[in-house]
file structure_13.cif (mmCIF, C-alpha atoms)
data_target
#
loop_
_atom_site.group_PDB
_atom_site.id
_atom_site.type_symbol
_atom_site.label_atom_id
_atom_site.label_comp_id
_atom_site.auth_asym_id
_atom_site.auth_seq_id
_atom_site.Cartn_x
_atom_site.Cartn_y
_atom_site.Cartn_z
ATOM 1 C CA MET A 1 82.175 52.225 98.523
ATOM 2 C CA GLN A 2 83.118 48.927 96.966
ATOM 3 C CA ARG A 3 80.727 46.426 98.563
ATOM 4 C CA ILE A 4 77.167 47.724 98.861
ATOM 5 C CA ALA A 5 74.112 45.893 100.196
ATOM 6 C CA VAL A 6 70.808 47.497 99.179
ATOM 7 C CA ILE A 7 67.909 46.175 101.235
ATOM 8 C CA GLY A 8 64.301 47.120 101.873
ATOM 9 C CA CYS A 9 60.704 46.251 101.198
ATOM 10 C CA GLY A 10 59.408 45.290 97.785
ATOM 11 C CA GLY A 11 58.609 48.476 95.880
ATOM 12 C CA SER A 12 61.002 50.585 97.952
ATOM 13 C CA GLY A 13 63.297 51.238 95.000
ATOM 14 C CA LYS A 14 66.125 48.790 95.701
ATOM 15 C CA THR A 15 66.608 47.829 92.064
ATOM 16 C CA THR A 16 66.429 51.403 90.786
ATOM 17 C CA LEU A 17 68.928 52.587 93.391
ATOM 18 C CA ALA A 18 71.255 49.626 92.785
ATOM 19 C CA ARG A 19 71.221 50.284 89.027
ATOM 20 C CA HIS A 20 71.950 53.979 89.568
ATOM 21 C CA LEU A 21 74.792 53.300 91.994
ATOM 22 C CA GLY A 22 76.232 50.566 89.793
ATOM 23 C CA ALA A 23 76.283 52.802 86.735
ATOM 24 C CA ALA A 24 77.644 55.841 88.576
ATOM 25 C CA LEU A 25 80.314 53.929 90.507
ATOM 26 C CA SER A 26 81.122 51.281 87.850
ATOM 27 C CA VAL A 27 80.378 48.523 90.346
ATOM 28 C CA PRO A 28 78.696 45.274 89.177
ATOM 29 C CA VAL A 29 75.115 44.812 90.375
ATOM 30 C CA THR A 30 73.464 41.507 91.241
ATOM 31 C CA HIS A 31 69.712 41.381 91.808
ATOM 32 C CA LEU A 32 69.131 38.596 94.303
ATOM 33 C CA ASP A 33 65.608 37.891 93.009
ATOM 34 C CA ALA A 34 67.212 36.847 89.713
ATOM 35 C CA VAL A 35 69.513 34.498 91.618
ATOM 36 C CA TYR A 36 66.877 33.099 93.989
ATOM 37 C CA TYR A 37 64.020 32.508 91.516
ATOM 38 C CA ASP A 38 63.834 30.909 88.108
ATOM 39 C CA ALA A 39 61.412 32.032 85.366
ATOM 40 C CA GLU A 40 58.575 30.076 87.019
ATOM 41 C CA TRP A 41 59.321 31.642 90.438
ATOM 42 C CA THR A 42 60.735 28.424 91.841
ATOM 43 C CA PRO A 43 63.167 29.354 94.620
ATOM 44 C CA LEU A 44 66.596 27.883 95.157
ATOM 45 C CA PRO A 45 67.109 25.763 98.263
ATOM 46 C CA GLN A 46 68.294 28.043 101.096
ATOM 47 C CA PRO A 47 71.716 26.374 101.509
ATOM 48 C CA ARG A 48 72.469 26.871 97.806
ATOM 49 C CA PHE A 49 71.245 30.487 97.900
ATOM 50 C CA ALA A 50 73.507 31.178 100.898
ATOM 51 C CA GLU A 51 76.460 29.534 99.133
ATOM 52 C CA ILE A 52 75.966 31.706 96.058
ATOM 53 C CA GLN A 53 75.874 34.824 98.214
ATOM 54 C CA ARG A 54 79.100 33.806 99.955
ATOM 55 C CA ASP A 55 80.703 33.548 96.510
ATOM 56 C CA LEU A 56 79.275 36.922 95.459
ATOM 57 C CA VAL A 57 80.542 38.774 98.547
ATOM 58 C CA ALA A 58 84.030 37.309 98.089
ATOM 59 C CA ALA A 59 84.455 39.590 95.067
ATOM 60 C CA PRO A 60 86.275 42.878 95.691
ATOM 61 C CA ARG A 61 83.463 45.064 94.316
ATOM 62 C CA TRP A 62 79.716 44.458 94.241
ATOM 63 C CA ILE A 63 76.237 45.790 94.793
ATOM 64 C CA LEU A 64 73.706 43.222 95.969
ATOM 65 C CA ASP A 65 70.052 44.237 95.707
ATOM 66 C CA GLY A 66 67.578 42.220 97.764
ATOM 67 C CA ASN A 67 66.122 41.812 101.217
ATOM 68 C CA TYR A 68 66.242 38.097 102.137
ATOM 69 C CA ALA A 69 66.616 38.490 105.905
ATOM 70 C CA ALA A 70 67.538 34.828 106.364
ATOM 71 C CA THR A 71 70.825 35.391 104.514
ATOM 72 C CA LEU A 72 71.310 39.093 105.215
ATOM 73 C CA SER A 73 74.112 38.408 107.691
ATOM 74 C CA ILE A 74 76.271 37.111 104.810
ATOM 75 C CA ARG A 75 75.987 40.463 103.021
ATOM 76 C CA LEU A 76 76.302 42.557 106.185
ATOM 77 C CA ALA A 77 79.517 40.842 107.229
ATOM 78 C CA ALA A 78 81.185 41.731 103.923
ATOM 79 C CA ALA A 79 79.591 45.088 103.044
ATOM 80 C CA ASP A 80 81.337 48.408 103.514
ATOM 81 C CA THR A 81 78.052 50.245 102.828
ATOM 82 C CA VAL A 82 74.491 49.203 103.663
ATOM 83 C CA ILE A 83 71.468 51.076 102.367
ATOM 84 C CA PHE A 84 68.189 50.126 104.057
ATOM 85 C CA LEU A 85 65.306 51.733 102.170
ATOM 86 C CA ASP A 86 62.836 52.069 105.044
ATOM 87 C CA LEU A 87 59.927 53.598 103.119
ATOM 88 C CA PRO A 88 56.252 53.712 104.126
ATOM 89 C CA ALA A 89 54.005 50.911 102.867
ATOM 90 C CA ALA A 90 51.876 53.348 100.833
ATOM 91 C CA SER A 91 54.936 54.493 98.885
ATOM 92 C CA CYS A 92 56.029 50.911 98.205
ATOM 93 C CA LEU A 93 52.533 49.802 97.196
ATOM 94 C CA TRP A 94 52.213 52.772 94.827
ATOM 95 C CA SER A 95 55.504 51.824 93.158
ATOM 96 C CA ILE A 96 54.411 48.224 92.800
ATOM 97 C CA ALA A 97 51.101 49.272 91.218
ATOM 98 C CA ARG A 98 52.890 51.618 88.798
ATOM 99 C CA ARG A 99 55.508 48.980 87.904
ATOM 100 C CA HIS A 100 52.827 46.320 87.423
ATOM 101 C CA ARG A 101 50.757 48.620 85.214
ATOM 102 C CA GLU A 102 53.795 49.372 83.043
ATOM 103 C CA HIS A 103 55.519 45.963 82.950
ATOM 104 C CA HIS A 104 53.136 43.275 84.179
ATOM 105 C CA THR A 105 53.676 40.858 81.303
ATOM 106 C CA VAL A 106 57.357 41.355 80.590
ATOM 107 C CA GLN A 107 60.564 40.148 82.079
ATOM 108 C CA ASP A 108 62.944 42.840 83.303
ATOM 109 C CA ASP A 109 65.792 42.606 80.796
ATOM 110 C CA GLU A 110 68.361 43.956 83.248
ATOM 111 C CA THR A 111 67.527 41.824 86.277
ATOM 112 C CA GLY A 112 66.016 38.762 84.638
ATOM 113 C CA VAL A 113 63.102 38.922 87.074
ATOM 114 C CA TYR A 114 59.478 38.891 86.047
ATOM 115 C CA ALA A 115 57.152 41.408 87.660
ATOM 116 C CA ARG A 116 54.943 39.274 89.892
ATOM 117 C CA VAL A 117 52.232 40.580 92.182
ATOM 118 C CA THR A 118 50.233 38.266 94.432
ATOM 119 C CA TRP A 119 47.970 38.966 97.398
ATOM 120 C CA GLN A 120 50.564 37.356 99.644
ATOM 121 C CA PHE A 121 53.234 39.731 98.329
ATOM 122 C CA LEU A 122 50.961 42.762 98.782
ATOM 123 C CA ARG A 123 50.239 41.715 102.396
ATOM 124 C CA TYR A 124 53.977 41.344 102.979
ATOM 125 C CA VAL A 125 54.581 44.867 101.658
ATOM 126 C CA ALA A 126 51.659 46.349 103.612
ATOM 127 C CA THR A 127 52.931 44.872 106.897
ATOM 128 C CA TYR A 128 56.687 45.101 106.221
ATOM 129 C CA ARG A 129 57.394 48.088 108.474
ATOM 130 C CA HIS A 130 55.663 46.430 111.424
ATOM 131 C CA ARG A 131 56.781 42.848 110.921
ATOM 132 C CA MET A 132 60.020 42.725 108.957
ATOM 133 C CA ALA A 133 61.662 46.138 109.431
ATOM 134 C CA PRO A 134 62.241 45.594 113.181
ATOM 135 C CA ARG A 135 64.059 42.353 112.343
ATOM 136 C CA ILE A 136 66.171 44.160 109.745
ATOM 137 C CA ARG A 137 66.953 46.987 112.191
ATOM 138 C CA HIS A 138 68.039 44.390 114.753
ATOM 139 C CA LEU A 139 70.390 42.785 112.219
ATOM 140 C CA LEU A 140 71.727 46.229 111.300
ATOM 141 C CA ALA A 141 72.406 47.115 114.944
ATOM 142 C CA GLU A 142 75.631 45.125 114.833
ATOM 143 C CA PRO A 143 77.043 45.413 111.297
ATOM 144 C CA ALA A 144 80.727 44.989 110.696
ATOM 145 C CA PRO A 145 82.552 47.922 112.294
ATOM 146 C CA HIS A 146 83.710 49.129 108.891
ATOM 147 C CA ALA A 147 80.193 49.350 107.388
ATOM 148 C CA THR A 148 78.407 52.645 106.913
ATOM 149 C CA VAL A 149 74.636 52.240 107.252
ATOM 150 C CA HIS A 150 72.166 54.587 105.569
ATOM 151 C CA ALA A 151 68.420 54.280 106.202
ATOM 152 C CA PRO A 152 66.404 56.802 104.188
ATOM 153 C CA ARG A 153 62.720 56.817 105.155
ATOM 154 C CA SER A 154 61.299 58.516 102.052
ATOM 155 C CA ARG A 155 61.846 58.554 98.285
ATOM 156 C CA ARG A 156 63.125 62.114 98.536
ATOM 157 C CA ALA A 157 65.688 61.073 101.154
ATOM 158 C CA ALA A 158 66.693 58.026 99.069
ATOM 159 C CA ASN A 159 67.163 60.194 95.973
ATOM 160 C CA ALA A 160 69.212 62.724 97.957
ATOM 161 C CA LEU A 161 71.361 59.902 99.347
ATOM 162 C CA ALA A 162 71.957 58.501 95.856
ATOM 163 C CA ALA A 163 72.976 61.946 94.602
ATOM 164 C CA ASP A 164 75.273 62.440 97.581
ATOM 165 C CA LEU A 165 76.916 59.014 97.263
ATOM 166 C CA THR A 166 77.517 59.330 93.537
ATOM 167 C CA GLY A 167 78.224 63.051 93.353
ATOM 168 C CA THR A 168 75.462 63.515 90.780
ATOM 169 C CA PRO A 169 72.580 66.003 90.914
#
call {"tool": "encode", "arguments": {"input": "structure_13.cif", "output": "structure tokens"}}
result
Amino acid sequence: MQRIAVIGCGGSGKTTLARHLGAALSVPVTHLDAVYYDAEWTPLPQPRFAEIQRDLVAAPRWILDGNYAATLSIRLAAADTVIFLDLPAASCLWSIARRHREHHTVQDDETGVYARVTWQFLRYVATYRHRMAPRIRHLLAEPAPHATVHAPRSRRAANALAADLTGTP
């Protein structure tokens, strides 16, 4: 595993898993939210965001954490491992509430991203499995032939996968 795309709904644990994998495998991690948004949550123009991702996936080793279905094909074409955290909305919403309660006014020092919760974001998370996950599954149906795809559907399964991939308990 040298080029890993970690995707999934907000609150699914993408960042936590990416950090764990990066530390265990000594692979650099990039959190796409930190690339896409500035401190005021102003997004990059899509062409520039795609260009940056093309540069990132040209590196020999990387972990990219972020959903961004519009540019997912860039990551899928280059990844040797794809992890799609396909968790239930309730689990994701619980994680978001816990994270917001603990860190709502601070910037994440590791990712550079501020915790931001809006009603629009919560609706996105609540409907992700019905609206977005089918689109993601469709994109994953034809990954590069060399890519291994993992799709844990619970936190327990995601934790077991992380332990299995890194050889840690």
call {"tool": "closest_residue", "arguments": {"input": "structure_13.cif", "among": "A:Pro134, A:Ala162, A:His146, A:Gln46", "to": "A:Asp86", "atoms": "all atoms listed in the file"}}
result
A:Pro134
call {"tool": "residues_near_point", "arguments": {"input": "structure_13.cif", "point": "(76.5, 48.7, 106.4)", "cutoff": "7 Å", "atoms": "all atoms listed in the file", "output": "MDAnalysis selection string"}}
result
chainID A and resid 76 79:83 143 147:149
call {"tool": "closest_residue", "arguments": {"input": "structure_13.cif", "among": "A:Ala50, A:Ala89, A:Ala39, A:Ala24", "to": "A:Arg116", "atoms": "all atoms listed in the file"}}
result
A:Ala39
call {"tool": "closest_residue", "arguments": {"input": "structure_13.cif", "among": "A:Leu72, A:Ala90, A:Ala158, A:Ala141", "to": "A:Leu32", "atoms": "only C-alpha atoms"}}
result
A:Leu72
call {"tool": "atom_distance", "arguments": {"input": "structure_13.cif", "atom1": "atom CA of A:Trp119", "atom2": "atom CA of A:Leu93"}}
result
11.8 Å
call {"tool": "residues_around", "arguments": {"input": "structure_13.cif", "residues": "A:Ala23", "least_positions_apart": "3", "cutoff": "12 Å", "atoms": "all atoms listed in the file", "output": "list in words"}}
result
Thr16, Leu17, Ala18, Arg19, His20, Ser26, Val27, Pro28, Val29, Trp62, Ile63, Ala162, Thr166 and Thr168 of chain A
call {"tool": "resolve_selection", "arguments": {"input": "structure_13.cif", "expression": "the PyMOL selection byres ((chain A and resi 132) around 12)", "output": "list in words"}}
result
Ile7, Gly8, Cys9, Gly10, Asn67, Tyr68, Ala69, Ala70, Asp86, Ala89, Arg123, Tyr124, Val125, Ala126, Thr127, Tyr128, Arg129, His130, Arg131, Ala133, Pro134, Arg135, Ile136, Arg137, His138 and Leu139 of chain A
call {"tool": "atom_distance", "arguments": {"input": "structure_13.cif", "atom1": "atom CA of A:Thr42", "atom2": "atom CA of A:Ala58"}}
result
25.7 Å
call {"tool": "closest_residue", "arguments": {"input": "structure_13.cif", "among": "A:Pro60, A:Val117, A:Ile52, A:Gly13", "to": "A:Asn159", "atoms": "only C-alpha atoms"}}
result
A:Gly13
call {"tool": "residues_around", "arguments": {"input": "structure_13.cif", "residues": "A:Tyr36", "least_positions_apart": "4", "cutoff": "12 Å", "atoms": "all atoms listed in the file", "output": "number ranges by chain"}}
result
A: 30-32, 40-53, 65-68, 71, 111-113
call {"tool": "residues_near_point", "arguments": {"input": "structure_13.cif", "point": "(55.1, 45.7, 94.7)", "cutoff": "9 Å", "atoms": "all atoms listed in the file", "output": "VMD selection string"}}
result
chain A and resid 9 to 12 92 to 100 115 to 118 121 to 122 125
call {"tool": "atom_distance", "arguments": {"input": "structure_13.cif", "atom1": "atom CA of A:Leu87", "atom2": "atom CA of A:Arg156"}}
result
10.2 Å
